[in-house]
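A.B. asks: One structure is given below, represented as structure tokens, and several questions about it will come after.
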Amino acid sequence: MNTSKIKWHIVVFLAPAVLVYTAIMIFPLFNTLRLALYSETDQVTHFVGMENFRTLFGDPLWSNQFWNALGNNMRFFVIHMIVQNPIGIALAAILSHPRLRFAAFYRTAIFIPTILSFVIVGFAWKLILSPIWGIAPDMLASIGLKSLYAPWLGKEEYALTTLALISVWQFIGIPMMLIYAALLSIPEEVLEAGEVDGITGFSAFWKIKLPLILPSIGIISILTFVGNFNAFDLIYAAQGALAGPNFSTDILGTFMFRTFFGFQLQLGDPHMGSAIASGMFGIILVGVCIYLFGIQTRLRRYQF
Amino acid sequence: MTRKILSLALLGSTILGGAAAAEVTITIESWRNDDLLLWQDKIIPVFEAANPDIKVKFTPSAPAEYNAVLNAKLDAGSAGDLITCRPFDTSLLLYEAGNLADLSDLDGMANFSSVAKSAWQTDDGSASFCVPMASVIHGFIYNKDAFKEVGVSIPTTEAEFFAALEAFKADGNYTPMAMGTNDQWEAATMGYQNIGPNYWKGEEGRLALIAGEQSLTDPQWVAPYKTLAKWADYLGDGYEAQTYPDSQNIFTLGRAAIYPAGSWEITGFNAQADFEMGAFKAPVMNAGDTCYISDHTDIAMGLNAASPNADAARKLLDWMGTAEFATIYANALPGFFSLSDHDIAMEDPLAQEFVSWRGECESTIRSTYQILSRGTPNLENDTWNASAQVTKGAETPEDAAARLQAGLSTWYEPQQ
């Protein structure tokens, strides 16, 4: 009898979250997509369809910048994947070792940079690496390797890698913590059963633990992907909106910011900016879909 | 703190305003938070003493928010009577939208040269909509002790300039010149726009570029880049990663001999440096050549077209064209020079030196600011990039000029 009635309590309980989420996430998202289809001339806004996207991808002035930003973004992501995640896994494996002393201290120390603001991280590293006041040249000099020092943030060929490694330093705690939790959840019985079969030490890690934490590694990869393609703050804090030297650190976020809000004498263009933002949204959407449907569904899960 | 002062000031002015019914109160919109005390303590009392029936309120907002706040207020009809004008297109758009009144007929306007007014005029120069307040002058600030110690005299020609840099490099105690390329605008503003006017002959070249008679690939526009490319040898170690505050600190700590500067640095440098400083203008090619300086228009005041107190506001604007206003303003803010034709006595020796060049040289403004940075790609932003690239030697002067010209010609008709 009750089944046909509308369950009002469900609506009431869902309402706050749905309303807030709609107001601050769904509406702005669709409004941005809509804004990308308009243009403004002589203070009159009019509908132009896909014209902004045609400019973005067809006009070399825009498309060169876009592909440069996308390429830099890919490099930024690849460096995270090959540096941050393996080191994160290794740290977690070491931390979960039962005989390690001061594990809690190491865990906290490694995690702390993650909670720092981008502005602090950007500023602190700029000072550390500064050729004038920085400690990096002196430290290298004290071990006789001064010749290896270069003003990395100012060199076109090193700047992006340097910033990516700074970002890795900051966020290494997140994969470490997630993997650490996954490792702790592996039951002792499984490992002991392996030991009985003669699998110990390193081979226990490769053959038992790693397959069991693969789903966590997948989640970390997707978090890194989304985080990197939305990144903006660190580049802006360290190199400014022009993402110097010579746009070598320009990623989609800084490109979008510069276009949307304008910079110095360049007046802001919300419509082209929205077109870039829509492009970013599309790229992230495709990436996440590939992961969800191509990888996530094929991962084998074990239940204990 | 400033907010507290501001609210006290607002409170105070409302109480005072209530006392006499015939009084008119005019409000000023501005982004110059820093100037609040200057207006309250020095400028407004003088004006109010001469015009007892007018009360003035100075209500600044944060610099980064100013444009947005002002636009919102103008749309809502709640903006103040007087509006502080940013140079060029930002204010031009306000005038074209009917938010700023035409001030061409204001008596005080006669006291300003055409260069001074150019930042707040329509493209054809037929209407002026803001009264120019202040400009900043480019040049080089130098460490007098370092010059004495190494025995270098003040350079006036380019050959002497590089000889001086070479002497400091050979001496080894000082970084010859404090400038970095990390922030990019240093190389463009303190470098290219500082030395450039001597090559493209100031206004002559700038206007010819706007008219399409010269192009950025002409020798007079490429030459400053060629000079800039020679600077790299005299900048400090790792200048590629040196930021603007780094450069300022290196100079004020006495580590560098020469600082390519804008006059806005004067107040800060006076407070920081404990050695004597002097200034010299951008060197000319050959001794005796006419010199040109970048005397860049920066700030002005316009009238809200919807102001109900337009008559009183016009009185204040008129007064802003007088020598009295210019003297108060220029002395309170050394480094921000009055744009009027009046001869103003300034106390700060460094500021005096900067302003003395106006008598010897022709004034011009930064070449990229008027009209030429209206489209995409933006010429000013591209000039930042090109100046930094050329300084580092990552791009040849010719390539950089060709790239800028190609970018400009995509959207600017006279250059096509």
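Order determines the names: the first chain of the structure tokens is A, the second B, and so forth; residues in each chain are numbered 1 upward, and ligands are numbered 1 upward as they are shown.
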Return as a Markdown table the residues of chain B lying at most 8 Å from chain A, together with the closest atom-to-atom pair for each and the distance in Å to one decimal, counting only C-alpha atoms, with rows in chain order and ascending residue number.

C.D. replies:
| residue | atom | partner | partner_atom | distance |
| --- | --- | --- | --- | --- |
| B:Thr181 | CA | A:Gly154 | CA | 7.6 |
| B:Asn182 | CA | A:Gly154 | CA | 5.8 |
| B:Asp183 | CA | A:Gln239 | CA | 7.2 |
| B:Gln184 | CA | A:Gly244 | CA | 7.5 |
| B:Asp237 | CA | A:Pro131 | CA | 6.8 |
| B:Gly238 | CA | A:Pro151 | CA | 5.1 |
| B:Tyr239 | CA | A:Pro131 | CA | 7.7 |
| B:Glu240 | CA | A:Gly154 | CA | 4.4 |
| B:Ala241 | CA | A:Gly154 | CA | 4.1 |
| B:Gln242 | CA | A:Ser130 | CA | 7.2 |
| B:Asp246 | CA | A:Ile132 | CA | 7.7 |
| B:Tyr369 | CA | A:Leu265 | CA | 7.5 |
| B:Ser373 | CA | A:Leu265 | CA | 6.4 |
| B:Arg374 | CA | A:Gln266 | CA | 7.1 |
| B:Gly375 | CA | A:Gln266 | CA | 7.8 |
| B:Thr376 | CA | A:Gln266 | CA | 8.0 |
| B:Pro377 | CA | A:Leu61 | CA | 7.3 |
| B:Asn378 | CA | A:Gln266 | CA | 5.9 |
| B:Glu380 | CA | A:Leu265 | CA | 6.6 |
| B:Asn381 | CA | A:Gln266 | CA | 7.4 |
| B:Asn385 | CA | A:Asn246 | CA | 6.1 |
| B:Ala388 | CA | A:Pro245 | CA | 8.0 |
| B:Gln389 | CA | A:Asn246 | CA | 7.0 |

A.B. asks: Do a neighbour search on B:Phe325 at 12 Å with only C-alpha atoms, toss out local chain neighbours closer than 2 positions, and write the hits as a PyMOL selection string.

C.D. replies: chain B and resi 38-39+42-47+108+132-134+316-323+327-332+337-340+342+344

A.B. asks: Could the residues in this selection be saved with N, CA and C atoms as an mmCIF file, in the first residue's frame?

C.D. replies:
data_model
loop_
_atom_site.group_PDB
_atom_site.id
_atom_site.type_symbol
_atom_site.label_atom_id
_atom_site.label_comp_id
_atom_site.auth_asym_id
_atom_site.auth_seq_id
_atom_site.Cartn_x
_atom_site.Cartn_y
_atom_site.Cartn_z
ATOM 1 N N LEU B 38 47.110 60.659 1.608
ATOM 2 C CA LEU B 38 47.533 61.813 0.826
ATOM 3 C C LEU B 38 46.340 62.685 0.458
ATOM 4 N N TRP B 39 45.262 62.026 0.015
ATOM 5 C CA TRP B 39 44.062 62.789 -0.344
ATOM 6 C C TRP B 39 43.437 63.420 0.890
ATOM 7 N N LYS B 42 46.228 65.998 2.654
ATOM 8 C CA LYS B 42 46.911 67.062 1.922
ATOM 9 C C LYS B 42 46.068 67.686 0.815
ATOM 10 N N ILE B 43 45.406 66.872 0.010
ATOM 11 C CA ILE B 43 44.745 67.433 -1.172
ATOM 12 C C ILE B 43 43.360 67.985 -0.841
ATOM 13 N N ILE B 44 42.530 67.145 -0.214
ATOM 14 C CA ILE B 44 41.147 67.554 0.019
ATOM 15 C C ILE B 44 41.043 68.810 0.899
ATOM 16 N N PRO B 45 41.794 68.910 2.011
ATOM 17 C CA PRO B 45 41.680 70.134 2.835
ATOM 18 C C PRO B 45 41.965 71.407 2.046
ATOM 19 N N VAL B 46 42.944 71.367 1.162
ATOM 20 C CA VAL B 46 43.286 72.566 0.391
ATOM 21 C C VAL B 46 42.122 72.952 -0.518
ATOM 22 N N PHE B 47 41.551 71.929 -1.175
ATOM 23 C CA PHE B 47 40.449 72.217 -2.094
ATOM 24 C C PHE B 47 39.220 72.705 -1.333
ATOM 25 N N GLY B 108 41.058 73.632 -17.377
ATOM 26 C CA GLY B 108 42.312 73.074 -16.886
ATOM 27 C C GLY B 108 43.032 72.215 -17.919
ATOM 28 N N PRO B 132 44.742 64.292 -16.994
ATOM 29 C CA PRO B 132 45.948 63.534 -16.660
ATOM 30 C C PRO B 132 46.483 63.930 -15.287
ATOM 31 N N MET B 133 46.891 62.956 -14.485
ATOM 32 C CA MET B 133 47.405 63.253 -13.153
ATOM 33 C C MET B 133 48.902 63.027 -13.063
ATOM 34 N N ALA B 134 49.343 61.833 -13.449
ATOM 35 C CA ALA B 134 50.757 61.550 -13.197
ATOM 36 C C ALA B 134 51.322 60.594 -14.233
ATOM 37 N N LEU B 316 36.543 70.615 -9.209
ATOM 38 C CA LEU B 316 37.691 69.876 -8.688
ATOM 39 C C LEU B 316 38.622 69.466 -9.833
ATOM 40 N N LEU B 317 38.044 69.010 -10.927
ATOM 41 C CA LEU B 317 38.869 68.600 -12.066
ATOM 42 C C LEU B 317 39.672 69.782 -12.603
ATOM 43 N N ASP B 318 39.010 70.947 -12.646
ATOM 44 C CA ASP B 318 39.675 72.148 -13.117
ATOM 45 C C ASP B 318 40.875 72.461 -12.221
ATOM 46 N N TRP B 319 40.641 72.335 -10.921
ATOM 47 C CA TRP B 319 41.705 72.616 -9.953
ATOM 48 C C TRP B 319 42.861 71.618 -10.101
ATOM 49 N N MET B 320 42.519 70.393 -10.551
ATOM 50 C CA MET B 320 43.570 69.390 -10.712
ATOM 51 C C MET B 320 44.516 69.743 -11.851
ATOM 52 N N GLY B 321 44.128 70.704 -12.672
ATOM 53 C CA GLY B 321 45.030 71.163 -13.717
ATOM 54 C C GLY B 321 45.948 72.290 -13.258
ATOM 55 N N THR B 322 45.819 72.733 -12.000
ATOM 56 C CA THR B 322 46.615 73.880 -11.534
ATOM 57 C C THR B 322 47.969 73.436 -10.985
ATOM 58 N N ALA B 323 48.844 74.420 -10.843
ATOM 59 C CA ALA B 323 50.170 74.157 -10.293
ATOM 60 C C ALA B 323 50.075 73.754 -8.825
ATOM 61 N N THR B 327 51.891 70.422 -7.385
ATOM 62 C CA THR B 327 52.966 70.503 -6.392
ATOM 63 C C THR B 327 52.702 69.565 -5.214
ATOM 64 N N ILE B 328 51.458 69.593 -4.733
ATOM 65 C CA ILE B 328 51.131 68.722 -3.592
ATOM 66 C C ILE B 328 51.320 67.262 -3.984
ATOM 67 N N TYR B 329 50.784 66.883 -5.141
ATOM 68 C CA TYR B 329 50.783 65.491 -5.567
ATOM 69 C C TYR B 329 52.202 64.982 -5.822
ATOM 70 N N ALA B 330 52.972 65.753 -6.571
ATOM 71 C CA ALA B 330 54.306 65.289 -6.963
ATOM 72 C C ALA B 330 55.242 65.179 -5.764
ATOM 73 N N ASN B 331 55.058 66.027 -4.759
ATOM 74 C CA ASN B 331 55.943 65.954 -3.601
ATOM 75 C C ASN B 331 55.563 64.846 -2.634
ATOM 76 N N ALA B 332 54.264 64.526 -2.605
ATOM 77 C CA ALA B 332 53.836 63.456 -1.707
ATOM 78 C C ALA B 332 54.202 62.100 -2.292
ATOM 79 N N PHE B 337 55.139 61.757 -11.524
ATOM 80 C CA PHE B 337 55.329 63.152 -11.902
ATOM 81 C C PHE B 337 54.074 63.739 -12.510
ATOM 82 N N SER B 338 53.842 65.006 -12.180
ATOM 83 C CA SER B 338 52.685 65.693 -12.749
ATOM 84 C C SER B 338 52.847 65.769 -14.260
ATOM 85 N N LEU B 339 51.735 65.640 -14.962
ATOM 86 C CA LEU B 339 51.785 65.690 -16.422
ATOM 87 C C LEU B 339 51.536 67.092 -16.953
ATOM 88 N N SER B 340 51.249 68.054 -16.040
ATOM 89 C CA SER B 340 50.920 69.404 -16.492
ATOM 90 C C SER B 340 52.181 70.137 -16.942
ATOM 91 N N HIS B 342 53.139 72.943 -15.847
ATOM 92 C CA HIS B 342 53.666 73.820 -14.803
ATOM 93 C C HIS B 342 55.062 73.393 -14.391
ATOM 94 N N ILE B 344 57.245 72.596 -11.537
ATOM 95 C CA ILE B 344 56.955 72.266 -10.141
ATOM 96 C C ILE B 344 58.226 71.993 -9.366
#

A.B. asks: Among stretch 152-388 of chain B, which ones does DSSP place in strand (DSSP E or B), written as JSON, numbers by chain?

C.D. replies: {"B": [157, 175, 176, 177, 235, 256, 257, 258, 259, 260, 261, 262, 277, 278, 279, 280, 284, 292, 293, 294, 295, 296, 297, 298, 299, 300, 301, 302, 303, 304, 337, 338, 340, 362, 363, 364]}

A.B. asks: Suppose we keep N, CA and C atoms; can you now write the selection as a CSV table (one decimal), in the first residue's frame?

C.D. replies:
chain,number,residue,atom,x,y,z
B,157,THR,N,76.5,58.2,-23.8
B,157,THR,CA,76.3,57.6,-25.1
B,157,THR,C,76.4,56.0,-24.9
B,175,THR,N,77.8,43.3,-9.4
B,175,THR,CA,77.1,42.9,-10.6
B,175,THR,C,76.9,44.2,-11.4
B,176,PRO,N,77.3,44.2,-12.7
B,176,PRO,CA,77.2,45.4,-13.4
B,176,PRO,C,75.7,46.0,-13.5
B,177,MET,N,74.8,45.1,-13.8
B,177,MET,CA,73.4,45.6,-13.9
B,177,MET,C,72.4,44.6,-13.3
B,235,LEU,N,74.6,40.9,-16.8
B,235,LEU,CA,73.6,40.6,-15.7
B,235,LEU,C,74.2,39.6,-14.8
B,256,ALA,N,74.7,45.6,-6.8
B,256,ALA,CA,74.7,45.9,-8.3
B,256,ALA,C,75.0,47.4,-8.5
B,257,ALA,N,75.6,47.7,-9.6
B,257,ALA,CA,76.0,49.1,-9.8
B,257,ALA,C,74.9,49.9,-10.5
B,258,ILE,N,74.2,49.2,-11.5
B,258,ILE,CA,73.2,50.0,-12.3
B,258,ILE,C,71.9,49.2,-12.2
B,259,TYR,N,70.8,49.9,-12.1
B,259,TYR,CA,69.5,49.3,-12.1
B,259,TYR,C,68.6,50.0,-13.2
B,260,PRO,N,68.2,49.2,-14.3
B,260,PRO,CA,67.3,49.8,-15.2
B,260,PRO,C,66.0,50.0,-14.6
B,261,ALA,N,65.5,51.3,-14.6
B,261,ALA,CA,64.4,51.6,-13.6
B,261,ALA,C,63.2,52.3,-14.2
B,262,GLY,N,62.2,52.4,-13.4
B,262,GLY,CA,61.1,53.4,-13.6
B,262,GLY,C,61.1,54.2,-12.4
B,277,MET,N,72.2,57.4,-4.2
B,277,MET,CA,71.8,57.0,-5.6
B,277,MET,C,71.7,58.2,-6.5
B,278,GLY,N,72.0,57.9,-7.8
B,278,GLY,CA,71.8,58.9,-8.8
B,278,GLY,C,71.0,58.3,-9.9
B,279,ALA,N,70.7,59.1,-10.9
B,279,ALA,CA,70.0,58.5,-12.1
B,279,ALA,C,70.6,59.1,-13.4
B,280,PHE,N,70.6,58.3,-14.4
B,280,PHE,CA,70.9,58.8,-15.7
B,280,PHE,C,69.9,58.3,-16.8
B,284,VAL,N,72.3,57.9,-25.6
B,284,VAL,CA,72.0,58.1,-27.0
B,284,VAL,C,73.2,57.5,-27.8
B,292,TYR,N,65.5,61.0,-26.2
B,292,TYR,CA,64.1,60.8,-26.0
B,292,TYR,C,63.9,60.0,-24.8
B,293,ILE,N,62.9,60.3,-24.0
B,293,ILE,CA,62.6,59.5,-22.7
B,293,ILE,C,61.2,59.0,-22.8
B,294,SER,N,61.1,57.9,-22.1
B,294,SER,CA,59.7,57.3,-21.9
B,294,SER,C,59.1,57.9,-20.7
B,295,ASP,N,58.1,58.8,-20.9
B,295,ASP,CA,57.5,59.5,-19.8
B,295,ASP,C,56.0,59.0,-19.8
B,296,HIS,N,55.8,57.8,-19.2
B,296,HIS,CA,54.6,57.1,-19.5
B,296,HIS,C,53.4,57.5,-18.7
B,297,THR,N,52.4,57.9,-19.4
B,297,THR,CA,51.1,58.3,-18.7
B,297,THR,C,50.5,57.1,-18.0
B,298,ASP,N,50.1,57.4,-16.7
B,298,ASP,CA,49.7,56.2,-15.9
B,298,ASP,C,48.4,56.4,-15.2
B,299,ILE,N,48.0,57.6,-14.8
B,299,ILE,CA,46.8,57.8,-14.0
B,299,ILE,C,46.2,59.1,-14.3
B,300,ALA,N,44.8,59.1,-14.3
B,300,ALA,CA,44.1,60.4,-14.6
B,300,ALA,C,42.8,60.4,-13.9
B,301,MET,N,42.0,61.4,-14.1
B,301,MET,CA,40.7,61.5,-13.4
B,301,MET,C,39.6,61.9,-14.4
B,302,GLY,N,38.5,61.2,-14.4
B,302,GLY,CA,37.4,61.5,-15.3
B,302,GLY,C,36.1,61.8,-14.6
B,303,LEU,N,35.1,62.3,-15.3
B,303,LEU,CA,33.8,62.6,-14.7
B,303,LEU,C,32.8,61.6,-15.1
B,304,ASN,N,32.1,61.0,-14.1
B,304,ASN,CA,31.0,60.1,-14.3
B,304,ASN,C,29.9,60.9,-15.1
B,337,PHE,N,55.1,61.8,-11.5
B,337,PHE,CA,55.3,63.2,-11.9
B,337,PHE,C,54.1,63.7,-12.5
B,338,SER,N,53.8,65.0,-12.2
B,338,SER,CA,52.7,65.7,-12.7
B,338,SER,C,52.8,65.8,-14.3
B,340,SER,N,51.2,68.1,-16.0
B,340,SER,CA,50.9,69.4,-16.5
B,340,SER,C,52.2,70.1,-16.9
B,362,GLU,N,63.0,64.8,-25.6
B,362,GLU,CA,61.6,64.7,-26.0
B,362,GLU,C,60.9,63.6,-25.3
B,363,SER,N,59.7,63.8,-24.9
B,363,SER,CA,58.9,62.8,-24.1
B,363,SER,C,58.1,61.9,-25.1
B,364,THR,N,58.0,60.7,-24.7
B,364,THR,CA,57.1,59.8,-25.4
B,364,THR,C,56.5,58.8,-24.4

A.B. asks: Between atom CA of B:Gly205 and atom CA of B:Arg366, measure the distance and give it in Å to one decimal.

C.D. replies: 11.1 Å

A.B. asks: Run DSSP on the backbone and give me the residues of stretch 104-231 of chain A it puts in helix (DSSP H, G or I), as a VMD selection string.

C.D. replies: chain A and resid 104 to 115 118 to 129 136 to 142 146 to 148 152 to 154 159 to 171 173 to 184 188 to 196 201 to 229

A.B. asks: Please, what distance in Å, to one decimal, runs between atom CA of B:Glu149 and atom CA of B:Ala167?

C.D. replies: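 Result for atom CA of B:Glu149 versus atom CA of B:Ala167: 11.1 Å, one decimal.
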
A.B. asks: Which residues are close to A:Thr32, i.e. within 12 Å by only C-alpha atoms, leaving aside same-chain residues fewer than 5 positions away? Reply as a list in words.

C.D. replies: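 Contacts, with the query itself left out: Met25, Ile26, Phe27, Leu37, Tyr38, Phe260, Pro270, His271, Met272, Gly273, Ser274, Ala275, Ile276, Ala277, Ser278, Gly279, Met280 and Phe281 of chain A.
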
A.B. asks: Please indicate the distance in Å from atom CA of B:Leu404 to atom CA of B:Cys361, rounded to one decimal place.

C.D. replies: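 Result for atom CA of B:Leu404 versus atom CA of B:Cys361: 28.0 Å, one decimal.
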
A.B. asks: Please identify all polymer residues within 9 Å of stretch 412-415 of chain B, counting only C-alpha atoms, omitting same-chain residues fewer than 6 positions from it, and present them as a list of chain:residue names.

C.D. replies: B:Leu209, B:Ile210, B:Ala211, B:Gly212, B:Glu213, B:Gln214, B:Ser215, B:Leu372, B:Arg374, B:Gly375, B:Gln405

A.B. asks: Using only C-alpha atoms, which residue out of A:Ile143, A:Phe13, A:Pro211, A:Ser63 lies closest to A:Leu299?

C.D. replies: A:Pro211

A.B. asks: Just the residues within 9 Å of A:Arg300, please, counting only C-alpha atoms, with nothing from its chain fewer than 4 positions along; format it as an MDAnalysis selection string.

C.D. replies: chainID A and resid 211:212 214:215 296

A.B. asks: Can I get the selection written as a PDB file, in the first residue's frame, with C-alpha atoms?

C.D. replies:
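The result, written out as result-v9.pdb:
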ATOM      1  CA  PRO A 211      48.147  -7.536  -7.623  1.00  0.00           C
ATOM      2  CA  LEU A 212      46.070  -6.830  -4.536  1.00  0.00           C
ATOM      3  CA  LEU A 214      46.280  -2.643  -8.337  1.00  0.00           C
ATOM      4  CA  PRO A 215      42.773  -1.142  -7.918  1.00  0.00           C
ATOM      5  CA  GLN A 296      38.578  -0.384 -14.233  1.00  0.00           C
TER       6      GLN A 296
END

A.B. asks: Would you list the contacts of A:Phe118 as number ranges by chain, taking every protein, DNA or RNA residue within 10 Å and counting only C-alpha atoms, but skipping same-chain residues closer than 6 positions in sequence?

C.D. replies: A: 124, 167, 170, 232-238

A.B. asks: Report as JSON, numbers by chain all protein, DNA and RNA residues lying within 10 Å of B:Asp123, evaluated on only C-alpha atoms, omitting residues in the same chain fewer than 3 positions from it.

C.D. replies: {"B": [88, 89, 92, 118, 119, 120, 126, 127, 370, 371]}

A.B. asks: For the selection you just gave me, I'd like the residues written to a file as a PDB file, in the first residue's frame, keeping C-alpha atoms.

C.D. replies:
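Saved file selection14.pdb follows:
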ATOM      1  CA  PHE B  88      44.146  53.745 -22.825  1.00  0.00           C
ATOM      2  CA  ASP B  89      41.597  51.096 -23.735  1.00  0.00           C
ATOM      3  CA  LEU B  92      38.252  54.440 -23.712  1.00  0.00           C
ATOM      4  CA  SER B 118      46.945  60.916 -25.507  1.00  0.00           C
ATOM      5  CA  ALA B 119      46.204  58.151 -23.020  1.00  0.00           C
ATOM      6  CA  TRP B 120      42.689  59.430 -22.390  1.00  0.00           C
ATOM      7  CA  SER B 126      38.824  64.758 -30.920  1.00  0.00           C
ATOM      8  CA  ALA B 127      37.595  64.201 -27.363  1.00  0.00           C
ATOM      9  CA  GLN B 370      48.043  52.944 -27.466  1.00  0.00           C
ATOM     10  CA  ILE B 371      45.786  51.036 -29.906  1.00  0.00           C
TER      11      ILE B 371
END
